[in-house]
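Report on the structure given below.
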Amino acid sequence: MNLLAAKNLSHTFEYELFHDVSLELEEGESIAIIGISGSGKSTLLHVLSTLLEPNRGEVLLFNENIAKLSKKRLAQIKRDSLGLVFQSHYLFKGFSAYENLEVASLLSQNEIDNTLLKKLGIDICINQKVTQLSGGQQQRVSIARVLTKKPRIIFADEPTGNLDKETAHDVMELFFEYCQNNKAGMVLVTHDEGLAFQCKKVYKLENKELLQVK
Ligand SMILES: Nc1ncnc2c1ncn2[C@@H]1O[C@H](COP(=O)(O)OP(=O)(O)OP(=O)(O)O)[C@@H](O)[C@H]1O
Ligand SMILES: [Mg+2]
């Protein structure tokens, strides 16, 4: 099944970032978007994940054109089916890591998966306050929170930016495993070409165009 289809997207802020770009994401698949700083990768991810309306083109999620959906239906899709892992973490700061996961667990009615916490290496710090955690630990807690939701599509913007190479590799493995086991898909934005090429497809945003390089 097609999870995401973007058709002929263009967007301009101060200058045009991308022009007439298209991509598709199928069940179980992962795609990476690479490109230099300022090329528009995060902006494109915002468009794909319903956070930003493009100047031109359309985005289909689960074969539904999001521009034509009611606010209610769109909110429902966002809540139930999309998982956003962005550069800032948006964890609840006054709570412990575990309490942050409990919120996701309550909202989605999915159990917290203890093996997931072990795999992410955050089982040891799970009862600490978010403010006491290192940047990389916070990043992994936010990944655990998103996966606890069990989304059909993960949108991740530099999700391993604060992690050492080995931990980053383990986290990527976890994402791939998640997508395979849950018929989900992932769109990954990263500067790290090594990580990008672990994905099934790789696109490069350059000179306003999106070129498929793998
Ligand atoms: N909300 C906004 N309003 C105005 N301009 C914006 C907005 N968001 C992004 N931009 C501009 O769009 C350009 C691309 O930004 P974007 O964050 O998409 O780049 P990026 O490829 O993700 O870069 P990086 O690799 O550094 O994260 C930048 O020049 C930025 O200033
Ligand atoms: Mg960015």
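Naming scheme: A, B, ... for chains in displayed order of the structure tokens; residues 1 onward per chain; ligands 1 onward as shown.
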_Test item: residues at most 10 Å from Leu117 of chain A, only C-alpha atoms, excluding those fewer than 2 positions along its chain, as a list in words_ = Tyr98, Ile112, Asp113, Asn114, Thr115, Lys119, Leu120, Gly121, Ile122, Asp123, Ile124, Cys125, Ile126, Arg140, Val141, Ile143, Ala144 and Arg145 of chain A
Sorted by chain and rising residue number, which residues of chain A lie within 10 Å of ligand 2, and what are their closest atom pairs and distances in Å to one decimal, counting only C-alpha atoms and all ligand atoms, as a Markdown table?
| residue | atom | partner | partner_atom_place_in_ligand_line | distance |
| --- | --- | --- | --- | --- |
| A:Ile34 | CA | ligand 2 | 1 (Mg) | 10.0 |
| A:Gly35 | CA | ligand 2 | 1 (Mg) | 9.6 |
| A:Ile36 | CA | ligand 2 | 1 (Mg) | 9.3 |
| A:Ser37 | CA | ligand 2 | 1 (Mg) | 6.8 |
| A:Gly38 | CA | ligand 2 | 1 (Mg) | 7.0 |
| A:Ser39 | CA | ligand 2 | 1 (Mg) | 8.4 |
| A:Gly40 | CA | ligand 2 | 1 (Mg) | 7.0 |
| A:Lys41 | CA | ligand 2 | 1 (Mg) | 5.6 |
| A:Ser42 | CA | ligand 2 | 1 (Mg) | 4.1 |
| A:Thr43 | CA | ligand 2 | 1 (Mg) | 7.3 |
| A:Leu44 | CA | ligand 2 | 1 (Mg) | 9.3 |
| A:Leu45 | CA | ligand 2 | 1 (Mg) | 8.8 |
| A:His46 | CA | ligand 2 | 1 (Mg) | 9.9 |
| A:Phe86 | CA | ligand 2 | 1 (Mg) | 9.0 |
| A:Gln87 | CA | ligand 2 | 1 (Mg) | 7.7 |
| A:Asp157 | CA | ligand 2 | 1 (Mg) | 6.8 |
| A:Glu158 | CA | ligand 2 | 1 (Mg) | 7.7 |
| A:Val189 | CA | ligand 2 | 1 (Mg) | 7.7 |
| A:Thr190 | CA | ligand 2 | 1 (Mg) | 8.2 |
| A:His191 | CA | ligand 2 | 1 (Mg) | 9.1 |
_Please list as a list in words every residue within 12 Å of Tyr178 of chain A, counting only C-alpha atoms and excluding residues in the same chain fewer than 6 positions away._
Glu27, Gly28, Glu29, Ser30, Leu116, Lys119, Ile143, Ala144, Val146, Leu147, Thr148, Lys149, Lys150, Pro151, Arg152, Ile153, Ile154, Val171, Met172, Ala184, Gly185 and Met186 of chain A
Would you save the residues from that selection as a PDB file, in the first residue's frame, using C-alpha atoms?
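The new file again-v6.pdb reads:
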ATOM      1  CA  GLU A  27       4.666   0.135   3.239  1.00  0.00           C
ATOM      2  CA  GLY A  28       7.795  -1.249   4.898  1.00  0.00           C
ATOM      3  CA  GLU A  29       9.993   1.221   3.034  1.00  0.00           C
ATOM      4  CA  SER A  30      12.383   3.894   4.240  1.00  0.00           C
ATOM      5  CA  LEU A 116      12.247  -1.094  23.124  1.00  0.00           C
ATOM      6  CA  LYS A 119      17.259  -1.547  22.757  1.00  0.00           C
ATOM      7  CA  ILE A 143      12.086   8.222  19.731  1.00  0.00           C
ATOM      8  CA  ALA A 144      10.650   5.742  22.261  1.00  0.00           C
ATOM      9  CA  VAL A 146       6.976   8.206  19.003  1.00  0.00           C
ATOM     10  CA  LEU A 147       7.324   4.441  18.544  1.00  0.00           C
ATOM     11  CA  THR A 148       5.014   3.796  21.513  1.00  0.00           C
ATOM     12  CA  LYS A 149       2.320   5.527  19.452  1.00  0.00           C
ATOM     13  CA  LYS A 150       2.827   2.924  16.714  1.00  0.00           C
ATOM     14  CA  PRO A 151       2.572   5.324  13.754  1.00  0.00           C
ATOM     15  CA  ARG A 152       2.258   4.172  10.124  1.00  0.00           C
ATOM     16  CA  ILE A 153       4.696   6.842   8.966  1.00  0.00           C
ATOM     17  CA  ILE A 154       7.710   8.137  10.866  1.00  0.00           C
ATOM     18  CA  VAL A 171      18.680   3.476  16.568  1.00  0.00           C
ATOM     19  CA  MET A 172      18.499   3.255  12.776  1.00  0.00           C
ATOM     20  CA  ALA A 184       5.115   1.340   8.456  1.00  0.00           C
ATOM     21  CA  GLY A 185       7.360   3.678   6.485  1.00  0.00           C
ATOM     22  CA  MET A 186       9.967   6.273   7.320  1.00  0.00           C
TER      23      MET A 186
END
*Could you give me, as an NGL selection string, the residues within 12 Å of Leu69 of chain A, counting only C-alpha atoms and dropping anything in the same chain fewer than 5 positions from it?*
:A and (50 or 59-61 or 63-64 or 74-78)
Keeping only C-alpha atoms, write the selected residues to a file as a PDB file, in the first residue's frame.
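Resulting contents of out.pdb:
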ATOM      1  CA  THR A  50       1.059  18.156   7.150  1.00  0.00           C
ATOM      2  CA  VAL A  59       0.435  15.507  -0.610  1.00  0.00           C
ATOM      3  CA  LEU A  60      -1.503  12.255  -0.340  1.00  0.00           C
ATOM      4  CA  LEU A  61      -1.421  10.300   2.898  1.00  0.00           C
ATOM      5  CA  ASN A  63      -4.264   7.797  -0.740  1.00  0.00           C
ATOM      6  CA  GLU A  64      -6.150  10.795   0.662  1.00  0.00           C
ATOM      7  CA  LEU A  74      -6.578  15.549   9.361  1.00  0.00           C
ATOM      8  CA  ALA A  75      -6.143  15.828  13.144  1.00  0.00           C
ATOM      9  CA  GLN A  76      -7.156  12.199  13.466  1.00  0.00           C
ATOM     10  CA  ILE A  77      -4.578  11.063  10.887  1.00  0.00           C
ATOM     11  CA  LYS A  78      -1.895  13.134  12.612  1.00  0.00           C
TER      12      LYS A  78
END
*Name the residues of segment 60-184 of chain A that fall into strand (DSSP E) according to DSSP on the backbone, using the chain letters and numbers of this document, as a list in words.*
Leu60, Leu61, Glu64, Asn65, Leu82, Gly83, Leu84, Val85, Ile153, Ile154, Phe155, Ala156 and Asp157 of chain A
Per residue of segment 4-85 of chain A within 8 Å of segment 209-213 of chain A, note the shortest atom pair and the distance in Å to one decimal, counting only C-alpha atoms, and order the rows by chain and increasing residue number, as JSON lines.
{"residue": "A:Phe18", "atom": "CA", "partner": "A:Glu209", "partner_atom": "CA", "distance": 5.9}
{"residue": "A:His19", "atom": "CA", "partner": "A:Glu209", "partner_atom": "CA", "distance": 6.2}
{"residue": "A:Asp20", "atom": "CA", "partner": "A:Glu209", "partner_atom": "CA", "distance": 7.5}
{"residue": "A:Val21", "atom": "CA", "partner": "A:Leu210", "partner_atom": "CA", "distance": 5.8}
{"residue": "A:Ser22", "atom": "CA", "partner": "A:Leu210", "partner_atom": "CA", "distance": 7.6}
For those residues, write N, CA and C atoms to a file as a short mmCIF file (atom, residue, chain, number, x, y, z; two decimals), in the first residue's frame.
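What follows is the written file selection_4.cif:
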data_model
loop_
_atom_site.label_atom_id
_atom_site.label_comp_id
_atom_site.auth_asym_id
_atom_site.auth_seq_id
_atom_site.Cartn_x
_atom_site.Cartn_y
_atom_site.Cartn_z
N PHE A 18 12.32 24.52 -3.23
CA PHE A 18 12.23 23.38 -4.15
C PHE A 18 11.12 23.64 -5.15
N HIS A 19 11.30 23.01 -6.32
CA HIS A 19 10.39 23.27 -7.43
C HIS A 19 9.99 21.96 -8.09
N ASP A 20 8.69 21.69 -8.08
CA ASP A 20 8.15 20.55 -8.82
C ASP A 20 8.77 19.21 -8.38
N VAL A 21 8.85 18.99 -7.07
CA VAL A 21 9.45 17.73 -6.60
C VAL A 21 8.36 16.72 -6.22
N SER A 22 8.65 15.45 -6.46
CA SER A 22 7.69 14.37 -6.19
C SER A 22 8.42 13.21 -5.53
#
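Proximity to ligand 1 was assessed for A:Asn100, A:Thr12, A:Asn162, A:Gln132 counting only C-alpha atoms and all ligand atoms; the smallest distance is recorded for A:Thr12.
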_Using only C-alpha atoms and all ligand atoms, can you tell me which of A:Ala168, A:Ala196, A:Leu17, A:Leu174 comes closest to ligand 1?_
A:Leu17
*asked:* To test your reading of the structure, identify every residue in segment 7-205 of chain A that backbone DSSP assigns to alpha helix (DSSP H), and report it as a ChimeraX atom specification.
replied: /A:41-48,71-81,97-108,114-119,135-148,165-181,193-196
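Nearest to Ser88 of chain A of all the residues A:Asn110, A:Gln139, A:Asn8, A:Gln128 is A:Gln139, based on only C-alpha atoms.
Between atom CA of Asn127 of chain A and atom CA of Lys93 of chain A the separation is 13.0 Å.
Taking only C-alpha atoms into account, Ser49 of chain A lies nearest to A:Phe155 out of the set A:Phe155, A:Phe92, A:Tyr203, A:Phe175.
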